[in-house]
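To be precise, the following lines are upload-v1.txt, and they hold compact mmCIF, C-alpha atoms.
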```
# COMPACT_ATOMS: atom_id res chain seq x y z
CA MET A 1 -6.88 -2.53 -16.65
CA ARG A 2 -8.82 0.68 -16.32
CA SER A 3 -6.60 3.28 -14.73
CA GLY A 4 -8.08 4.44 -11.46
CA ASP A 5 -9.22 1.00 -10.45
CA LEU A 6 -7.36 0.63 -7.17
CA ASP A 7 -8.64 -2.83 -6.29
CA ALA A 8 -7.43 -4.28 -9.56
CA TYR A 9 -4.11 -2.54 -9.07
CA ALA A 10 -3.83 -3.92 -5.53
CA GLU A 11 -4.06 -7.42 -7.02
CA LEU A 12 -1.36 -6.66 -9.55
CA VAL A 13 0.88 -5.32 -6.80
CA ASP A 14 0.34 -8.45 -4.71
CA ARG A 15 1.17 -10.67 -7.64
CA HIS A 16 4.25 -8.84 -8.91
CA ALA A 17 5.79 -7.49 -5.72
CA PRO A 18 8.12 -10.51 -5.19
CA VAL A 19 9.73 -10.30 -8.64
CA ALA A 20 9.87 -6.51 -8.41
CA LEU A 21 11.73 -6.77 -5.13
CA ARG A 22 14.12 -9.36 -6.51
CA THR A 23 14.80 -7.16 -9.52
CA ALA A 24 15.51 -4.15 -7.34
CA VAL A 25 17.92 -6.11 -5.12
CA LEU A 26 19.79 -7.66 -8.03
CA LEU A 27 20.00 -4.43 -9.98
CA GLY A 28 21.78 -2.77 -7.12
CA ALA A 29 19.19 -1.18 -4.84
CA GLY A 30 20.54 -3.30 -1.97
CA ALA A 31 19.06 -2.54 1.42
CA ASP A 32 16.84 0.15 -0.10
CA ALA A 33 15.13 -2.29 -2.45
CA GLU A 34 11.85 -1.99 -0.58
CA ASP A 35 11.77 1.79 -0.98
CA VAL A 36 12.74 1.48 -4.62
CA VAL A 37 9.93 -0.99 -5.26
CA GLN A 38 7.38 1.14 -3.44
CA GLU A 39 8.40 4.16 -5.47
CA ALA A 40 8.30 2.16 -8.70
CA LEU A 41 4.83 0.77 -7.95
CA VAL A 42 3.46 4.24 -7.28
CA LYS A 43 5.02 5.53 -10.51
CA ALA A 44 3.72 2.53 -12.43
CA TYR A 45 0.19 3.30 -11.29
CA ARG A 46 0.54 6.86 -12.51
CA SER A 47 1.91 5.63 -15.84
CA LEU A 48 -0.86 3.12 -16.47
CA GLY A 49 -2.11 5.40 -19.22
CA ARG A 50 1.03 4.52 -21.16
CA TYR A 51 0.66 0.79 -20.62
CA ARG A 52 -0.51 -0.88 -23.79
CA ASP A 53 -3.44 -3.19 -23.03
CA GLY A 54 -2.62 -6.77 -23.83
CA ALA A 55 1.15 -6.27 -23.51
CA PRO A 56 2.79 -8.41 -20.84
CA PHE A 57 2.57 -6.52 -17.56
CA ARG A 58 5.61 -7.97 -15.81
CA PRO A 59 8.38 -6.66 -18.11
CA TRP A 60 6.58 -3.32 -18.36
CA LEU A 61 6.59 -3.04 -14.57
CA LEU A 62 10.17 -4.30 -14.29
CA ARG A 63 11.28 -1.54 -16.60
CA ILE A 64 10.02 1.01 -14.10
CA VAL A 65 11.64 -0.93 -11.24
CA ALA A 66 14.94 -1.15 -13.17
CA ASN A 67 14.92 2.60 -13.87
CA GLU A 68 14.19 3.33 -10.26
CA ALA A 69 16.95 0.99 -9.07
CA ARG A 70 19.40 2.63 -11.49
CA ASN A 71 18.47 6.13 -10.35
CA HIS A 72 18.77 5.05 -6.79
CA HIS A 73 22.17 3.49 -7.37
CA ARG A 74 23.41 6.59 -9.17
CA SER A 75 22.34 8.94 -6.44
CA ALA A 76 23.89 6.60 -3.86
CA VAL A 77 27.12 6.76 -5.87
CA ARG A 78 26.92 10.56 -6.01
CA ARG A 79 26.42 10.68 -2.26
CA GLY A 80 29.18 8.21 -1.55
CA ALA A 81 32.54 7.58 -3.13
CA ARG A 82 33.42 6.19 -6.55
CA GLU A 83 31.39 3.47 -8.12
CA GLN A 84 32.66 0.08 -7.09
CA GLY A 85 30.20 -2.00 -9.02
CA VAL A 86 27.08 -3.29 -7.39
CA PRO A 87 27.64 -5.30 -4.27
CA LEU A 88 25.58 -8.46 -4.52
CA PRO A 89 26.06 -9.63 -0.97
CA PRO A 90 26.98 -13.27 -0.36
CA GLU A 91 24.21 -13.31 2.27
CA LEU A 92 22.01 -13.87 -0.73
CA LEU A 93 23.27 -17.41 -0.84
CA ASP A 94 22.19 -20.29 1.31
CA PRO A 95 24.67 -20.53 4.21
CA GLY A 96 23.98 -24.25 4.52
CA GLU A 97 25.76 -25.08 1.30
CA GLN A 98 29.01 -26.95 0.91
CA VAL A 99 31.90 -24.58 1.53
CA ALA A 100 33.48 -25.14 -1.88
CA ASP A 101 30.22 -24.67 -3.74
CA ARG A 102 29.44 -21.61 -1.77
CA GLN A 103 32.82 -20.03 -2.45
CA ARG A 104 32.49 -20.70 -6.13
CA LYS A 105 29.05 -19.09 -6.18
CA GLU A 106 30.16 -16.12 -4.13
CA GLN A 107 32.94 -15.58 -6.61
CA LEU A 108 30.55 -15.71 -9.52
CA LEU A 109 28.05 -13.39 -7.83
CA ALA A 110 30.82 -10.92 -7.03
CA ALA A 111 32.06 -11.05 -10.63
CA VAL A 112 28.56 -10.32 -11.92
CA GLY A 113 28.42 -7.38 -9.53
CA ARG A 114 31.69 -5.99 -10.92
CA LEU A 115 30.48 -5.95 -14.54
CA PRO A 116 29.86 -2.55 -16.10
CA GLU A 117 26.28 -1.49 -15.48
CA ARG A 118 24.91 -2.17 -18.97
CA LEU A 119 26.36 -5.64 -19.24
CA ARG A 120 25.46 -6.47 -15.67
CA ALA A 121 21.81 -5.52 -16.14
CA VAL A 122 21.47 -7.87 -19.10
CA VAL A 123 23.20 -10.78 -17.34
CA VAL A 124 21.02 -10.24 -14.25
CA CYS A 125 17.80 -10.10 -16.25
CA ARG A 126 18.57 -13.12 -18.43
CA TYR A 127 20.02 -15.44 -15.81
CA LEU A 128 19.20 -14.33 -12.29
CA LEU A 129 15.68 -13.05 -13.04
CA GLU A 130 15.19 -15.68 -15.74
CA LEU A 131 13.59 -13.29 -18.23
CA ASP A 132 13.69 -14.22 -21.89
CA GLU A 133 15.30 -12.03 -24.52
CA ALA A 134 12.14 -10.08 -25.39
CA GLU A 135 11.26 -9.50 -21.73
CA THR A 136 14.81 -8.35 -21.04
CA ALA A 137 14.62 -5.93 -23.96
CA THR A 138 11.38 -4.43 -22.59
CA ALA A 139 12.58 -4.30 -19.01
CA LEU A 140 15.80 -2.52 -19.96
CA GLY A 141 14.31 -0.45 -22.75
CA VAL A 142 16.80 -1.57 -25.42
CA PRO A 143 16.40 -3.45 -28.73
CA ARG A 144 16.68 -7.23 -28.69
CA GLY A 145 19.87 -7.10 -30.74
CA THR A 146 21.44 -5.01 -28.00
CA VAL A 147 20.38 -7.55 -25.39
CA LYS A 148 22.11 -10.26 -27.42
CA SER A 149 25.37 -8.38 -27.93
CA ARG A 150 25.57 -7.15 -24.33
CA LEU A 151 24.91 -10.62 -23.07
CA ASN A 152 27.78 -12.00 -25.18
CA ARG A 153 30.12 -9.30 -23.96
CA GLY A 154 29.02 -9.81 -20.37
CA LEU A 155 29.62 -13.54 -20.55
CA SER A 156 33.07 -13.13 -22.12
CA ARG A 157 33.97 -10.61 -19.46
CA LEU A 158 32.95 -13.08 -16.76
CA ARG A 159 35.01 -15.86 -18.37
CA GLU A 160 38.05 -13.60 -18.39
CA GLN A 161 37.62 -12.71 -14.76
CA LEU A 162 36.93 -16.08 -13.30
CA PRO A 163 39.62 -18.69 -12.78
CA THR A 164 39.77 -20.74 -15.95
CA THR A 165 39.93 -24.01 -14.09
CA GLU A 166 36.55 -23.48 -12.49
CA TRP A 167 34.60 -22.89 -15.64
CA GLU A 168 36.34 -24.68 -18.42
CA ALA A 169 37.74 -27.66 -16.64
CA ASP A 170 35.91 -30.18 -18.76
CA ARG A 171 36.85 -28.48 -21.99
CA VAL A 172 40.51 -29.02 -21.40
CA MET B 1 26.11 -22.36 -26.90
CA SER B 2 25.40 -23.39 -23.37
CA ASP B 3 28.51 -23.93 -21.34
CA HIS B 4 29.56 -24.21 -17.74
CA LEU B 5 29.37 -20.53 -17.06
CA GLU B 6 25.83 -20.32 -18.28
CA SER B 7 24.69 -23.32 -16.31
CA ALA B 8 26.46 -21.94 -13.25
CA LEU B 9 24.55 -18.66 -13.70
CA ARG B 10 21.28 -20.54 -14.01
CA GLU B 11 22.11 -22.46 -10.88
CA LEU B 12 22.87 -19.17 -9.17
CA ALA B 13 19.35 -17.96 -10.00
CA ARG B 14 17.99 -20.81 -7.91
CA ASP B 15 20.39 -20.14 -5.07
CA VAL B 16 20.11 -16.39 -4.81
CA ARG B 17 17.60 -15.63 -2.13
CA THR B 18 15.98 -12.26 -2.06
CA PRO B 19 13.73 -10.96 0.68
CA ALA B 20 10.03 -11.71 0.57
CA ALA B 21 7.75 -8.78 -0.13
CA PRO B 22 6.85 -7.20 3.22
CA PRO B 23 3.20 -7.71 4.15
CA GLY B 24 2.33 -4.01 4.26
CA LEU B 25 3.73 -3.20 0.82
CA THR B 26 0.47 -3.18 -1.11
CA ASP B 27 -1.26 -0.98 1.46
CA ALA B 28 1.71 1.38 1.57
CA VAL B 29 1.62 1.73 -2.22
CA LEU B 30 -2.15 2.32 -2.28
CA ASP B 31 -1.86 4.83 0.56
CA ARG B 32 0.72 6.78 -1.38
CA ILE B 33 -1.34 6.69 -4.54
CA GLU B 34 -4.31 8.06 -2.63
CA GLU B 35 -2.23 10.72 -0.93
CA GLY B 36 -1.00 11.84 -4.33
CA ARG B 37 -4.58 12.11 -5.52
CA SER B 38 -5.86 14.14 -2.61
CA GLY B 39 -2.88 16.31 -3.36
CA HIS B 40 -0.96 18.25 -0.84
CA PRO B 41 -0.52 18.68 2.87
CA ALA B 42 -3.22 21.35 2.71
CA ALA B 43 -5.70 18.50 2.28
CA ARG B 44 -4.95 17.68 5.85
CA LEU B 45 -7.60 19.32 7.95
CA ARG B 46 -6.76 20.64 11.33
CA TRP B 47 -9.39 21.76 13.68
CA ALA B 48 -9.27 23.85 16.79
CA LEU B 49 -12.89 23.75 17.61
CA ALA B 50 -13.19 22.63 21.18
CA ALA B 51 -14.53 25.98 22.29
CA VAL B 52 -16.78 26.26 19.28
CA VAL B 53 -18.52 23.05 20.12
CA GLY B 54 -19.45 24.61 23.42
CA LEU B 55 -20.83 27.62 21.59
CA LEU B 56 -22.81 25.45 19.26
CA LEU B 57 -24.29 23.56 22.11
CA ALA B 58 -25.38 26.92 23.45
CA GLY B 59 -26.97 27.63 20.09
CA LEU B 60 -24.42 30.25 18.96
CA ALA B 61 -23.24 29.10 15.56
CA LEU B 62 -22.89 32.37 13.72
CA SER B 63 -19.25 33.28 14.28
CA PRO B 64 -16.88 32.89 11.26
CA VAL B 65 -15.46 29.77 12.85
CA GLY B 66 -18.97 28.66 13.56
CA ALA B 67 -19.61 28.78 9.84
CA LYS B 68 -16.84 26.26 9.39
CA VAL B 69 -18.44 24.05 11.96
CA ALA B 70 -21.73 24.39 10.16
CA GLU B 71 -20.01 22.69 7.20
CA TRP B 72 -19.30 19.84 9.47
CA LEU B 73 -22.87 19.65 10.56
CA ASP B 74 -23.59 19.18 6.88
CA PHE B 75 -21.34 16.22 6.98
CA GLY B 76 -24.19 13.91 7.77
CA GLY B 77 -24.51 13.84 11.50
CA VAL B 78 -20.86 13.70 12.41
CA MET B 79 -19.37 16.42 14.55
CA VAL B 80 -15.61 16.71 14.80
CA ARG B 81 -13.65 18.48 17.44
CA ASP B 82 -9.87 18.86 17.47
CA ASP B 83 -8.82 17.88 20.92
CA GLU B 84 -6.81 15.50 23.11
CA PRO B 85 -6.47 12.22 21.25
CA GLY B 86 -6.67 8.99 23.18
CA THR B 87 -3.89 6.46 23.28
CA HIS B 88 -5.56 3.44 21.78
CA GLY B 89 -8.97 2.41 20.68
CA THR B 90 -10.87 -0.73 19.86
CA PRO B 91 -14.14 -0.93 18.05
CA THR B 92 -16.87 -2.34 20.24
CA VAL B 93 -19.01 -5.11 18.91
CA PRO B 94 -22.58 -3.83 18.63
CA SER B 95 -24.56 -5.14 21.56
CA GLU B 96 -27.19 -7.71 20.76
CA PRO B 97 -30.44 -5.91 20.20
CA PRO B 98 -32.73 -6.82 23.08
CA ALA B 99 -35.96 -5.58 21.55
CA ALA B 100 -35.04 -4.25 18.14
CA THR B 101 -34.13 -6.53 15.24
CA PRO B 102 -32.62 -5.56 11.90
CA THR B 103 -36.04 -5.55 10.32
CA SER B 104 -37.06 -2.63 12.50
CA ALA B 105 -34.48 -0.33 10.91
CA THR B 106 -35.91 2.73 9.23
CA LEU B 107 -33.16 2.66 6.61
CA ARG B 108 -31.88 0.05 4.23
CA PRO B 109 -28.29 -0.49 5.32
CA LEU B 110 -25.41 -0.91 2.87
CA VAL B 111 -23.12 -3.92 3.20
CA PRO B 112 -19.50 -3.87 1.98
CA SER B 113 -19.05 -6.73 -0.48
CA LEU B 114 -15.37 -6.82 0.49
CA LEU B 115 -16.28 -8.06 3.97
CA GLY B 116 -19.33 -10.14 3.13
CA GLU B 117 -22.19 -10.70 5.53
CA PRO B 118 -21.61 -9.26 9.02
CA ASP B 119 -21.09 -11.45 12.07
CA GLY B 120 -23.40 -9.25 14.10
CA THR B 121 -25.98 -6.55 13.40
CA SER B 122 -27.90 -4.28 15.71
CA VAL B 123 -30.34 -1.46 15.25
CA GLY B 124 -30.55 1.63 17.47
CA ALA B 125 -33.65 2.05 19.63
CA ASP B 126 -35.37 4.35 17.15
CA GLY B 127 -34.30 2.31 14.13
CA GLY B 128 -32.22 5.18 12.77
CA VAL B 129 -28.75 3.76 13.31
CA VAL B 130 -27.69 0.33 12.07
CA SER B 131 -24.44 -1.19 13.37
CA MET B 132 -22.65 -4.22 12.03
CA SER B 133 -19.46 -5.98 12.99
CA TRP B 134 -16.99 -8.41 11.47
CA GLY B 135 -14.49 -10.24 13.64
CA SER B 136 -11.30 -11.97 12.55
CA GLU B 137 -7.90 -12.79 13.98
CA LYS B 138 -6.84 -9.37 12.71
CA GLY B 139 -9.38 -7.65 14.94
CA THR B 140 -12.88 -6.30 14.73
CA ILE B 141 -14.27 -4.01 12.09
CA ARG B 142 -17.39 -2.11 13.00
CA ILE B 143 -19.64 -0.19 10.66
CA ASP B 144 -22.38 2.21 11.77
CA GLN B 145 -24.69 3.90 9.34
CA PHE B 146 -27.53 6.31 9.58
CA ASP B 147 -29.52 8.86 7.63
CA ALA B 148 -27.11 11.62 6.64
CA THR B 149 -29.65 14.36 7.32
CA LEU B 150 -29.82 13.63 11.05
CA ASP B 151 -28.57 15.96 13.72
CA PRO B 152 -25.12 14.96 14.88
CA VAL B 153 -25.24 11.43 16.17
CA PHE B 154 -21.51 10.91 16.53
CA TRP B 155 -19.37 13.48 18.23
CA LYS B 156 -15.71 12.95 17.61
CA THR B 157 -12.66 14.39 19.22
CA ALA B 158 -9.75 14.07 16.80
CA PRO B 159 -6.73 16.24 16.11
CA ASP B 160 -5.81 15.01 12.69
CA ALA B 161 -8.78 14.24 10.51
CA VAL B 162 -7.91 13.98 6.81
CA HIS B 163 -10.25 14.70 3.94
CA VAL B 164 -10.33 11.85 1.40
CA GLN B 165 -12.54 10.74 -1.46
CA VAL B 166 -14.27 7.41 -1.92
CA ARG B 167 -15.66 6.85 -5.42
CA GLY B 168 -16.16 10.60 -5.69
CA ASP B 169 -17.92 10.86 -2.32
CA ASP B 170 -16.49 13.01 0.44
CA ALA B 171 -15.03 11.15 3.34
CA LEU B 172 -13.08 11.83 6.51
CA TRP B 173 -10.27 9.63 7.74
CA PHE B 174 -9.35 9.60 11.39
CA PRO B 175 -5.89 8.03 11.43
CA THR B 176 -5.51 7.94 15.21
CA PRO B 177 -7.70 6.68 18.01
CA HIS B 178 -10.20 9.31 19.03
CA GLU B 179 -13.05 9.78 21.43
CA VAL B 180 -16.48 9.28 20.06
CA VAL B 181 -19.82 10.02 21.67
CA VAL B 182 -23.00 8.54 20.31
CA THR B 183 -26.21 10.37 21.04
CA PRO B 184 -29.76 9.38 20.21
CA GLU B 185 -31.58 11.83 18.01
CA GLY B 186 -32.31 15.01 19.93
CA GLY B 187 -30.18 13.81 22.86
CA ASP B 188 -27.45 15.85 24.48
CA PRO B 189 -23.91 14.55 23.79
CA GLN B 190 -22.76 15.78 27.16
CA THR B 191 -24.92 13.27 28.94
CA HIS B 192 -23.28 10.38 27.06
CA PRO B 193 -19.82 9.32 28.17
CA PRO B 194 -17.29 9.07 25.32
CA ARG B 195 -15.70 5.82 24.29
CA LEU B 196 -12.34 5.57 22.58
CA ALA B 197 -12.70 4.68 18.91
CA ALA B 198 -10.11 3.02 16.68
CA ARG B 199 -9.08 4.48 13.33
CA THR B 200 -12.21 5.40 11.43
CA LEU B 201 -13.31 6.36 7.96
CA VAL B 202 -16.55 8.32 7.72
CA VAL B 203 -18.12 8.53 4.30
CA GLN B 204 -21.32 10.02 3.05
CA THR B 205 -22.86 7.98 0.29
CA ALA B 206 -26.33 7.26 -1.09
CA GLY B 207 -27.97 9.56 1.48
CA LEU B 208 -26.37 7.68 4.37
CA THR B 209 -23.44 8.46 6.59
CA VAL B 210 -21.33 5.37 7.11
CA ARG B 211 -18.53 5.10 9.63
CA ILE B 212 -16.07 2.25 9.30
CA GLU B 213 -14.02 1.63 12.39
CA GLY B 214 -11.24 -0.84 13.09
CA ASP B 215 -7.54 -1.51 13.01
CA VAL B 216 -7.28 -0.97 9.27
CA THR B 217 -5.04 1.10 7.03
CA ARG B 218 -6.54 4.03 5.22
CA ALA B 219 -6.27 2.20 1.92
CA ARG B 220 -8.19 -0.78 3.26
CA ALA B 221 -10.85 1.41 4.85
CA VAL B 222 -11.29 3.19 1.53
CA ARG B 223 -11.53 -0.13 -0.29
CA ILE B 224 -14.14 -1.36 2.17
CA ALA B 225 -16.10 1.86 1.73
CA ALA B 226 -15.87 1.60 -2.04
CA SER B 227 -17.41 -1.87 -1.86
CA LEU B 228 -20.56 -0.72 -0.02
CA GLU B 229 -23.64 -1.72 -1.93
```
Same coordinates, now as structure tokens:
Amino acid sequence: MRSGDLDAYAELVDRHAPVALRTAVLLGAGADAEDVVQEALVKAYRSLGRYRDGAPFRPWLLRIVANEARNHHRSAVRRGAREQGVPLPPELLDPGEQVADRQRKEQLLAAVGRLPERLRAVVVCRYLLELDEAETATALGVPRGTVKSRLNRGLSRLREQLPTTEWEADRV
Amino acid sequence: MSDHLESALRELARDVRTPAAPPGLTDAVLDRIEEGRSGHPAARLRWALAAVVGLLLAGLALSPVGAKVAEWLDFGGVMVRDDEPGTHGTPTVPSEPPAATPTSATLRPLVPSLLGEPDGTSVGADGGVVSMSWGSEKGTIRIDQFDATLDPVFWKTAPDAVHVQVRGDDALWFPTPHEVVVTPEGGDPQTHPPRLAARTLVVQTAGLTVRIEGDVTRARAVRIAASLE
């Protein structure tokens, strides 16, 4: 896309705004996700010169969103108290679900939120945003090997934290 | 190896609901991009010209402030005065031309490809002003255009006009409802009662002055203007 072409950019914004918003929420921007996305989309436009034509646009954009969400989270932490992990609110889940299912999912969501930032970002990208390994690497600005190792560490951490019975019942 | 945890995480992806993108997001982003381009708050033009308009009408345009107004006279037939904004405005649909038809226009009007063919068109009595309108559930958009070298045809009263660019052409954005007076060529604006206009973008392009009026964001008005052809 030629930089400076606002109509073309408007179309890109329309198409990618939902996933950008989801990324911002899940990477910790919380209630400010909309502001974070707006900021990221403005920055992305200004950085179009650095976008390599032909490269997938979505992970490139998500990288800017992820950075913005991280900056936002850090400044929120500076303003507030100590970092408590990212609250992924249970309101994200469908209230109509079976109570047991819902509790189990809330627990899992909370455990993901408590992961250290680097591991959490990889788990969120791979599973909750359903990006593949290469897209995750682009979005987070790390090599693919790092995505792989952080994902393994993130998953082991989650297994340690969650009640064994829930997750490994059929292995026993 | 896929195990329970991984399938539970995948399931979670389907269950996690995140808010839908708010409808105004794209416009808000484009507005901010455009603001960044036009630069700084200094790009915001403020005018205290009510008295000067009176002077001009009396033919006294040589004061230093008058020189500033003269620039406005250069802005193709649109005269702006910073004064008492209205509270709300709606574009009027051009009245059906009783005698004149579009073919009697003395200029070849531009049509914005973004809006397509207009629902209504009318031509001023002397053929010098062409008005078009588009109606939708979102409201009416009205476009007037005329030869940019005319004497002021539209007299506007607006406190917060902003200078913007459309494809490199100068344009003025009136973000709030404002009074507008339309005068026939050589007529006296004081004899024509003002009507309240909605937000308006005035752009000078291809020798014409085009005013786009309606309940639109600045970004949309600029996009409409950029699609004039």
Quiz item: Suppose you want the space between CA of Asp170 (chain B) and CA of Ala221 (chain B); what is it in Å?
Solution: 13.6 Å
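Of the listed residues (A:Leu158, A:Leu27, A:Ile64, A:Val147), A:Leu158 comes nearest to chain B; the distances count only C-alpha atoms.
Between CA of Pro116 (chain A) and CA of Pro18 (chain A) lies a distance of 25.6 Å.
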Quiz item: So which residues touch His16 (chain A) within 9 Å, counting only C-alpha atoms, skipping near sequence neighbours fewer than 5 positions away, as a PyMOL selection string?
Solution: chain A and resi 11+21+58+61
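In terms of minimum interatomic distance to chain A, B:Val166 ranks closest within B:Val166, B:Leu172, B:Ser122, B:Ile143, counting only C-alpha atoms.
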Exercise. Up to 9 Å from chain B, what residues of chain A turn up? Count only C-alpha atoms and give them as a ChimeraX atom specification.
Key: /A:6-7,9-11,13-14,17-22,25-26,34,37-39,41-43,45-46,90-94,105,108-109,123-124,127-130,155,158-159,166-170
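Counting from CA of Leu162 (chain A), the distance to CA of Ala29 (chain A) is 24.7 Å.
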Quiz item: Using all atoms listed in the file, what residues lie at most 6 Å away from (-29.4, 7.9, 8.7) (file coordinates), given as JSON, numbers by chain?
Solution: {"B": [128, 146, 147, 148, 208]}
Could you dump the residues just selected with C-alpha atoms as a PDB file, keeping the file's coordinate frame?
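Here's the written file selection20.pdb:
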```
ATOM      1  CA  GLY B 128     -32.220   5.180  12.770  1.00  0.00           C
ATOM      2  CA  PHE B 146     -27.530   6.310   9.580  1.00  0.00           C
ATOM      3  CA  ASP B 147     -29.520   8.860   7.630  1.00  0.00           C
ATOM      4  CA  ALA B 148     -27.110  11.620   6.640  1.00  0.00           C
ATOM      5  CA  LEU B 208     -26.370   7.680   4.370  1.00  0.00           C
TER       6      LEU B 208
END
```
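Residues lying within 8 Å of Ala69 (chain A), counting all atoms listed in the file and ignoring same-chain neighbours fewer than 4 positions away, are A:Ala24, A:Leu27, A:Gly28, A:Ala29, A:Ala33, A:Val36, A:Val65, A:His73.
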Please determine an axis-aligned box that encloses all atoms of region 45-63 of chain A listed in the file, with 4 Å added on each side, and express its centre and edge lengths in Å to one decimal as lines of an AutoDock Vina configuration file.
```
center_x = 3.9
center_y = -0.8
center_z = -17.6
size_x = 22.7
size_y = 23.3
size_z = 20.5
```
